[in-house]
file data.cif (mmCIF, C-alpha atoms)
data_model
loop_
_atom_site.label_atom_id
_atom_site.label_comp_id
_atom_site.auth_asym_id
_atom_site.auth_seq_id
_atom_site.Cartn_x
_atom_site.Cartn_y
_atom_site.Cartn_z
CA MET E 1 -43.27 8.56 36.93
CA LYS E 2 -45.33 6.58 39.44
CA ASN E 3 -48.87 7.64 40.21
CA ARG E 4 -51.97 6.60 42.16
CA LEU E 5 -54.44 7.27 39.39
CA LYS E 6 -55.61 3.68 39.03
CA VAL E 7 -56.20 3.34 42.78
CA LEU E 8 -58.04 6.65 43.02
CA ARG E 9 -60.20 5.73 40.03
CA ALA E 10 -60.99 2.30 41.50
CA GLU E 11 -61.97 3.88 44.83
CA ARG E 12 -64.66 5.84 42.99
CA ASP E 13 -65.68 2.85 40.89
CA TRP E 14 -64.99 4.76 37.68
CA SER E 15 -64.05 3.12 34.41
CA GLN E 16 -61.14 4.51 32.38
CA ALA E 17 -63.70 5.97 29.96
CA GLU E 18 -65.50 7.70 32.84
CA LEU E 19 -62.28 9.26 34.12
CA ALA E 20 -61.22 10.19 30.58
CA GLY E 21 -64.51 11.99 29.97
CA ARG E 22 -64.24 13.89 33.25
CA LEU E 23 -60.71 14.98 32.30
CA ASP E 24 -61.60 15.65 28.64
CA VAL E 25 -58.91 13.31 27.32
CA SER E 26 -59.00 10.01 25.44
CA ARG E 27 -59.35 6.69 27.27
CA GLN E 28 -55.97 5.72 25.79
CA ALA E 29 -54.39 8.71 27.53
CA VAL E 30 -55.78 7.61 30.91
CA ASN E 31 -54.49 4.08 30.31
CA ALA E 32 -51.04 5.38 29.31
CA ILE E 33 -50.82 7.56 32.43
CA GLU E 34 -51.97 4.75 34.72
CA THR E 35 -49.39 2.35 33.31
CA GLY E 36 -46.64 4.97 33.53
CA LYS E 37 -46.07 5.08 29.76
CA HIS E 38 -47.04 8.73 29.52
CA ASP E 39 -46.51 11.66 31.88
CA PRO E 40 -49.34 14.17 31.76
CA SER E 41 -48.71 17.82 30.95
CA LEU E 42 -48.81 20.27 33.84
CA PRO E 43 -52.32 21.55 32.94
CA LEU E 44 -53.63 17.96 32.84
CA ALA E 45 -51.88 17.12 36.12
CA PHE E 46 -53.68 20.09 37.69
CA ARG E 47 -57.01 18.92 36.24
CA ILE E 48 -56.42 15.44 37.70
CA ALA E 49 -55.50 16.88 41.10
CA ARG E 50 -58.58 19.13 41.15
CA LEU E 51 -60.86 16.26 40.12
CA PHE E 52 -59.70 14.15 43.07
CA ASP E 53 -59.45 17.19 45.36
CA MET E 54 -55.79 16.48 46.09
CA THR E 55 -52.41 18.03 45.33
CA ILE E 56 -50.33 16.92 42.36
CA GLU E 57 -47.72 15.51 44.77
CA ASP E 58 -50.41 13.37 46.43
CA ILE E 59 -51.07 11.66 43.11
CA PHE E 60 -47.75 11.71 41.25
CA ASP E 61 -44.35 10.65 42.57
CA ASP E 62 -41.23 11.43 40.57
CA GLY E 63 -39.08 9.54 43.09
CA GLU E 64 -37.29 12.74 44.15
CA SER E 65 -39.39 13.66 47.16
CA ALA E 66 -37.97 13.06 50.63
CA MET J 1 -82.99 -2.93 22.96
CA ILE J 2 -80.53 -5.79 22.64
CA PHE J 3 -77.44 -3.58 22.92
CA ALA J 4 -78.68 -1.33 25.72
CA SER J 5 -76.20 -0.78 28.54
CA LYS J 6 -77.12 -2.50 31.84
CA THR J 7 -75.77 0.34 33.94
CA PRO J 8 -76.47 3.97 33.16
CA LEU J 9 -73.55 5.88 31.68
CA GLY J 10 -71.75 8.32 33.93
CA PRO J 11 -71.20 11.88 32.70
CA GLY J 12 -67.57 11.08 31.92
CA GLU J 13 -68.41 7.97 29.89
CA ALA J 14 -71.00 9.90 27.89
CA ARG J 15 -68.36 12.55 27.11
CA SER J 16 -65.87 9.81 26.18
CA ILE J 17 -68.35 8.30 23.72
CA LYS J 18 -68.97 11.73 22.21
CA ARG J 19 -65.22 12.34 21.91
CA ARG J 20 -64.71 8.92 20.31
CA ARG J 21 -67.56 9.55 17.82
CA ARG J 22 -66.07 12.93 16.87
CA TYR J 23 -62.69 11.27 16.27
CA VAL J 24 -64.21 8.52 14.08
CA ILE J 25 -66.08 11.15 12.03
CA TYR J 26 -62.81 13.07 11.65
CA LEU J 27 -60.97 9.95 10.43
CA ALA J 28 -63.80 8.99 8.06
CA PHE J 29 -63.95 12.51 6.59
CA SER J 30 -60.16 12.58 6.11
CA SER J 31 -60.27 9.21 4.37
CA VAL J 32 -63.09 10.27 2.06
CA VAL J 33 -61.26 13.49 1.08
CA GLY J 34 -58.09 11.50 0.38
CA MET J 35 -59.90 8.82 -1.62
CA ILE J 36 -61.83 11.32 -3.75
CA ALA J 37 -58.69 13.37 -4.49
CA GLY J 38 -56.68 10.25 -5.35
CA PHE J 39 -59.44 8.68 -7.44
CA ALA J 40 -60.15 11.91 -9.35
CA ALA J 41 -56.45 12.48 -10.10
CA GLY J 42 -56.04 8.91 -11.37
CA TYR J 43 -59.33 8.57 -13.22
CA PHE J 44 -59.34 11.90 -15.06
CA ASP J 45 -55.64 12.03 -15.93
CA HIS J 46 -55.57 12.09 -19.75
CA GLY J 47 -51.81 12.08 -20.14
CA ASP J 48 -49.19 9.35 -20.10
CA GLY J 49 -47.40 10.65 -17.02
CA ASN J 50 -46.47 8.48 -14.10
CA LEU J 51 -45.94 9.83 -10.59
CA LEU J 52 -43.55 7.03 -9.72
CA ALA J 53 -41.39 7.67 -12.79
CA GLY J 54 -41.41 11.44 -12.22
CA ASP J 55 -42.41 12.38 -15.81
CA TRP J 56 -44.56 15.34 -14.76
CA ASP J 57 -44.81 16.91 -18.20
CA LEU J 58 -47.03 14.07 -19.39
CA LEU J 59 -49.66 14.47 -16.64
CA ARG J 60 -52.89 16.05 -17.98
CA LEU J 61 -55.93 17.09 -15.95
CA PRO J 62 -58.82 19.41 -16.89
CA PRO J 63 -57.88 22.84 -15.37
CA ALA J 64 -61.01 23.19 -13.24
CA LEU J 65 -60.62 19.68 -11.88
CA SER J 66 -56.95 20.27 -11.13
CA VAL J 67 -57.91 23.31 -9.01
CA LEU J 68 -60.55 21.25 -7.20
CA ILE J 69 -58.08 18.44 -6.52
CA ALA J 70 -55.49 20.96 -5.33
CA ILE J 71 -58.00 22.39 -2.86
CA MET J 72 -58.84 18.89 -1.61
CA LEU J 73 -55.16 18.03 -1.23
CA LEU J 74 -54.53 21.23 0.73
CA ALA J 75 -57.45 20.31 2.96
CA GLY J 76 -56.25 16.73 3.33
CA PHE J 77 -52.59 17.47 4.03
CA LEU J 78 -52.86 20.81 5.83
CA ALA J 79 -56.26 21.91 7.15
CA ILE J 80 -57.54 18.53 8.37
CA PRO J 81 -54.30 17.54 10.19
CA LEU J 82 -54.15 20.97 11.85
CA TYR J 83 -57.77 20.56 12.95
CA GLY J 84 -56.84 17.06 14.19
CA PHE J 85 -54.21 18.59 16.46
CA ARG J 86 -56.93 20.72 18.01
CA LEU J 87 -59.08 17.65 18.68
CA ALA J 88 -56.19 15.63 20.11
CA ASP J 89 -55.23 15.42 23.77
CA ASP J 90 -51.62 15.52 25.03
CA TYR J 91 -51.09 11.82 24.48
CA GLN J 92 -52.46 11.76 20.93
CA ARG J 93 -50.56 14.97 20.13
CA GLU J 94 -47.33 13.27 21.23
CA HIS J 95 -48.04 10.47 18.74
CA GLY J 96 -48.68 13.05 16.04
CA LEU J 97 -45.45 14.92 16.78
CA VAL J 98 -43.39 11.72 16.72
CA SER J 99 -45.05 10.83 13.44
CA TYR J 100 -44.36 14.21 11.81
CA ALA J 101 -40.78 14.25 13.14
CA GLY J 102 -40.21 10.81 11.60
CA GLY J 103 -41.52 11.98 8.23
CA PHE J 104 -39.50 15.19 8.33
CA LEU J 105 -36.23 13.47 9.29
CA ALA J 106 -36.72 10.85 6.57
CA VAL J 107 -37.10 13.59 3.94
CA MET J 108 -34.10 15.52 5.28
CA ALA J 109 -31.95 12.38 5.20
CA GLY J 110 -33.61 10.75 2.19
CA PHE J 111 -33.01 13.40 -0.47
CA PRO J 112 -29.21 13.80 -0.03
CA THR J 113 -28.80 10.06 0.40
CA TRP J 114 -30.75 9.37 -2.79
CA THR J 115 -28.73 12.06 -4.61
CA ALA J 116 -25.43 10.56 -3.47
CA LEU J 117 -26.50 7.08 -4.56
CA HIS J 118 -27.63 8.49 -7.93
CA ALA J 119 -24.25 10.20 -8.35
CA GLY J 120 -22.64 6.82 -7.80
CA GLY J 121 -24.83 5.27 -10.48
CA PHE J 122 -26.86 3.06 -8.18
CA VAL J 123 -30.35 4.56 -8.53
CA PRO J 124 -32.34 6.87 -10.86
CA PRO J 125 -32.24 10.62 -10.07
CA PRO J 126 -34.35 11.80 -7.13
CA HIS J 127 -37.79 13.16 -7.99
CA ALA J 128 -40.48 14.94 -6.01
CA PHE J 129 -42.97 12.09 -5.73
CA GLY J 130 -40.27 9.73 -4.51
CA ILE J 131 -39.33 12.21 -1.79
CA PHE J 132 -43.02 12.64 -0.93
CA ALA J 133 -43.43 8.86 -0.72
CA ILE J 134 -40.39 8.55 1.58
CA GLY J 135 -41.89 11.22 3.85
CA PHE J 136 -45.37 9.70 3.84
CA VAL J 137 -44.25 6.12 4.47
CA SER J 138 -41.81 7.21 7.19
CA MET J 139 -44.52 9.29 8.82
CA SER J 140 -46.89 6.31 8.85
CA LEU J 141 -44.22 3.99 10.26
CA SER J 142 -43.27 6.55 12.90
CA TYR J 143 -46.91 6.81 13.94
CA LEU J 144 -47.15 3.02 14.32
CA TYR J 145 -43.93 3.06 16.34
CA ALA J 146 -45.31 5.80 18.60
CA ARG J 147 -48.56 3.88 19.15
CA TRP J 148 -46.57 0.77 20.01
CA ARG J 149 -43.93 2.29 22.29
CA LEU J 150 -45.47 5.40 23.84
#
call {"tool": "encode", "arguments": {"input": "data.cif", "output": "structure tokens"}}
result
Amino acid sequence: MKNRLKVLRAERDWSQAELAGRLDVSRQAVNAIETGKHDPSLPLAFRIARLFDMTIEDIFDDGESA
Amino acid sequence: MIFASKTPLGPGEARSIKRRRRYVIYLAFSSVVGMIAGFAAGYFDHGDGNLLAGDWDLLRLPPALSVLIAIMLLAGFLAIPLYGFRLADDYQREHGLVSYAGGFLAVMAGFPTWTALHAGGFVPPPHAFGIFAIGFVSMSLSYLYARWRL
């Protein structure tokens, strides 16, 4: 699944460790999500969306949306 | 302060460092429990038994020590891993689940396969430590695979 996490993080000048701490996950998890190796659970997707004050669809794209 | 950070840590980075430290302490504690249990079992065994050969009747430990080792093994193979799942995030938990699935499947496939090969005269009869070793090694390899691929 594609996502804009890396761009959104860069816009705020946050390191992966900074974002990981704010989401209460490991830095490896942030890296895996950014590179598309790992899809976050629904609760984590909501946490990410709330942190960036966006909707889940604004951040994640499963390629099915019109 | 040679190693002082040039930029102040953000709140997230500070939490990440704390999380990382907690994980390292968890790993170190698990290792120490495993090493003490393994060392005590090997060092204080007065019998001529051999885990690899499966001759259990020849293993001899002082009763009190055997209870202590049993408690440490239960902690090492049950309580500590369960606590680890509570510390883990989704991503780490996925690695753990792949690892445990690999170990479980190897045991499920390993025992009947070993038995069949024994019946054909190829290998010695299956024994508990051999099955344990198959599970443990497969679990470790599955974990490495998960870290590499996922």
call {"tool": "interface_residues", "arguments": {"input": "data.cif", "of": "chain J", "to": "chain E", "cutoff": "10 Å", "atoms": "only C-alpha atoms", "output": "list in words"}}
result
Leu9, Gly10, Pro11, Gly12, Glu13, Ala14, Arg15, Ser16, Ile17, Lys18, Arg19, Arg20, Tyr23, Leu87, Ala88, Asp89, Asp90, Tyr91, Gln92, Glu94, Arg149 and Leu150 of chain J
call {"tool": "atom_distance", "arguments": {"input": "data.cif", "atom1": "CA of Gly38 in chain J", "atom2": "CA of Arg60 in chain J"}}
result
14.4 Å
call {"tool": "closest_residue", "arguments": {"input": "data.cif", "among": "J:Ala146, J:Ala41, J:Ala133, J:Ile36", "to": "Ser66 in chain J", "atoms": "all atoms listed in the file"}}
result
J:Ala41
call {"tool": "residues_around", "arguments": {"input": "data.cif", "residues": "Thr55 in chain E", "least_positions_apart": "6", "cutoff": "12 Å", "atoms": "all atoms listed in the file", "output": "number ranges by chain"}}
result
E: 4, 45-49, 61
call {"tool": "closest_residue", "arguments": {"input": "data.cif", "among": "J:Gly121, J:Gly103, J:Gly84, J:Ala116", "to": "Ile134 in chain J", "atoms": "all atoms listed in the file"}}
result
J:Gly103
call {"tool": "residues_near_point", "arguments": {"input": "data.cif", "point": "(-56.4, 12.5, -13.2)", "cutoff": "9 Å", "atoms": "only C-alpha atoms", "output": "ChimeraX atom specification"}}
result
/J:38-47,59-62,65-66
call {"tool": "atom_distance", "arguments": {"input": "data.cif", "atom1": "CA of Tyr145 in chain J", "atom2": "CA of Arg9 in chain E"}}
result
28.9 Å
call {"tool": "residues_around", "arguments": {"input": "data.cif", "residues": "Tyr100 in chain J", "least_positions_apart": "2", "cutoff": "10 Å", "atoms": "all atoms listed in the file", "output": "PyMOL selection string"}}
result
chain J and resi 94-98+102-106+135-136+138-140+142-143
call {"tool": "atom_distance", "arguments": {"input": "data.cif", "atom1": "CA of Lys6 in chain E", "atom2": "CA of Glu34 in chain E"}}
result
5.7 Å
call {"tool": "axis_aligned_box", "arguments": {"input": "data.cif", "around": "range 57-71 of chain J", "padding_each_side": "5 Å", "output": "AutoDock Vina command-line options"}}
result
--center_x -52.9 --center_y 18.7 --center_z -11.1 --size_x 26.2 --size_y 19.2 --size_z 26.5
call {"tool": "closest_residue", "arguments": {"input": "data.cif", "among": "J:Val32, J:Phe77, J:Ala70, J:Asp55", "to": "Pro125 in chain J", "atoms": "all atoms listed in the file"}}
result
J:Asp55
call {"tool": "residues_near_point", "arguments": {"input": "data.cif", "point": "(-60.8, 19.5, 13.6)", "cutoff": "12 Å", "atoms": "only C-alpha atoms", "output": "number ranges by chain"}}
result
J: 19, 22-27, 29-30, 75-76, 78-88
call {"tool": "closest_residue", "arguments": {"input": "data.cif", "among": "J:Val67, J:Leu73, J:Leu117, J:Val137", "to": "Ala37 in chain J", "atoms": "only C-alpha atoms"}}
result
J:Leu73
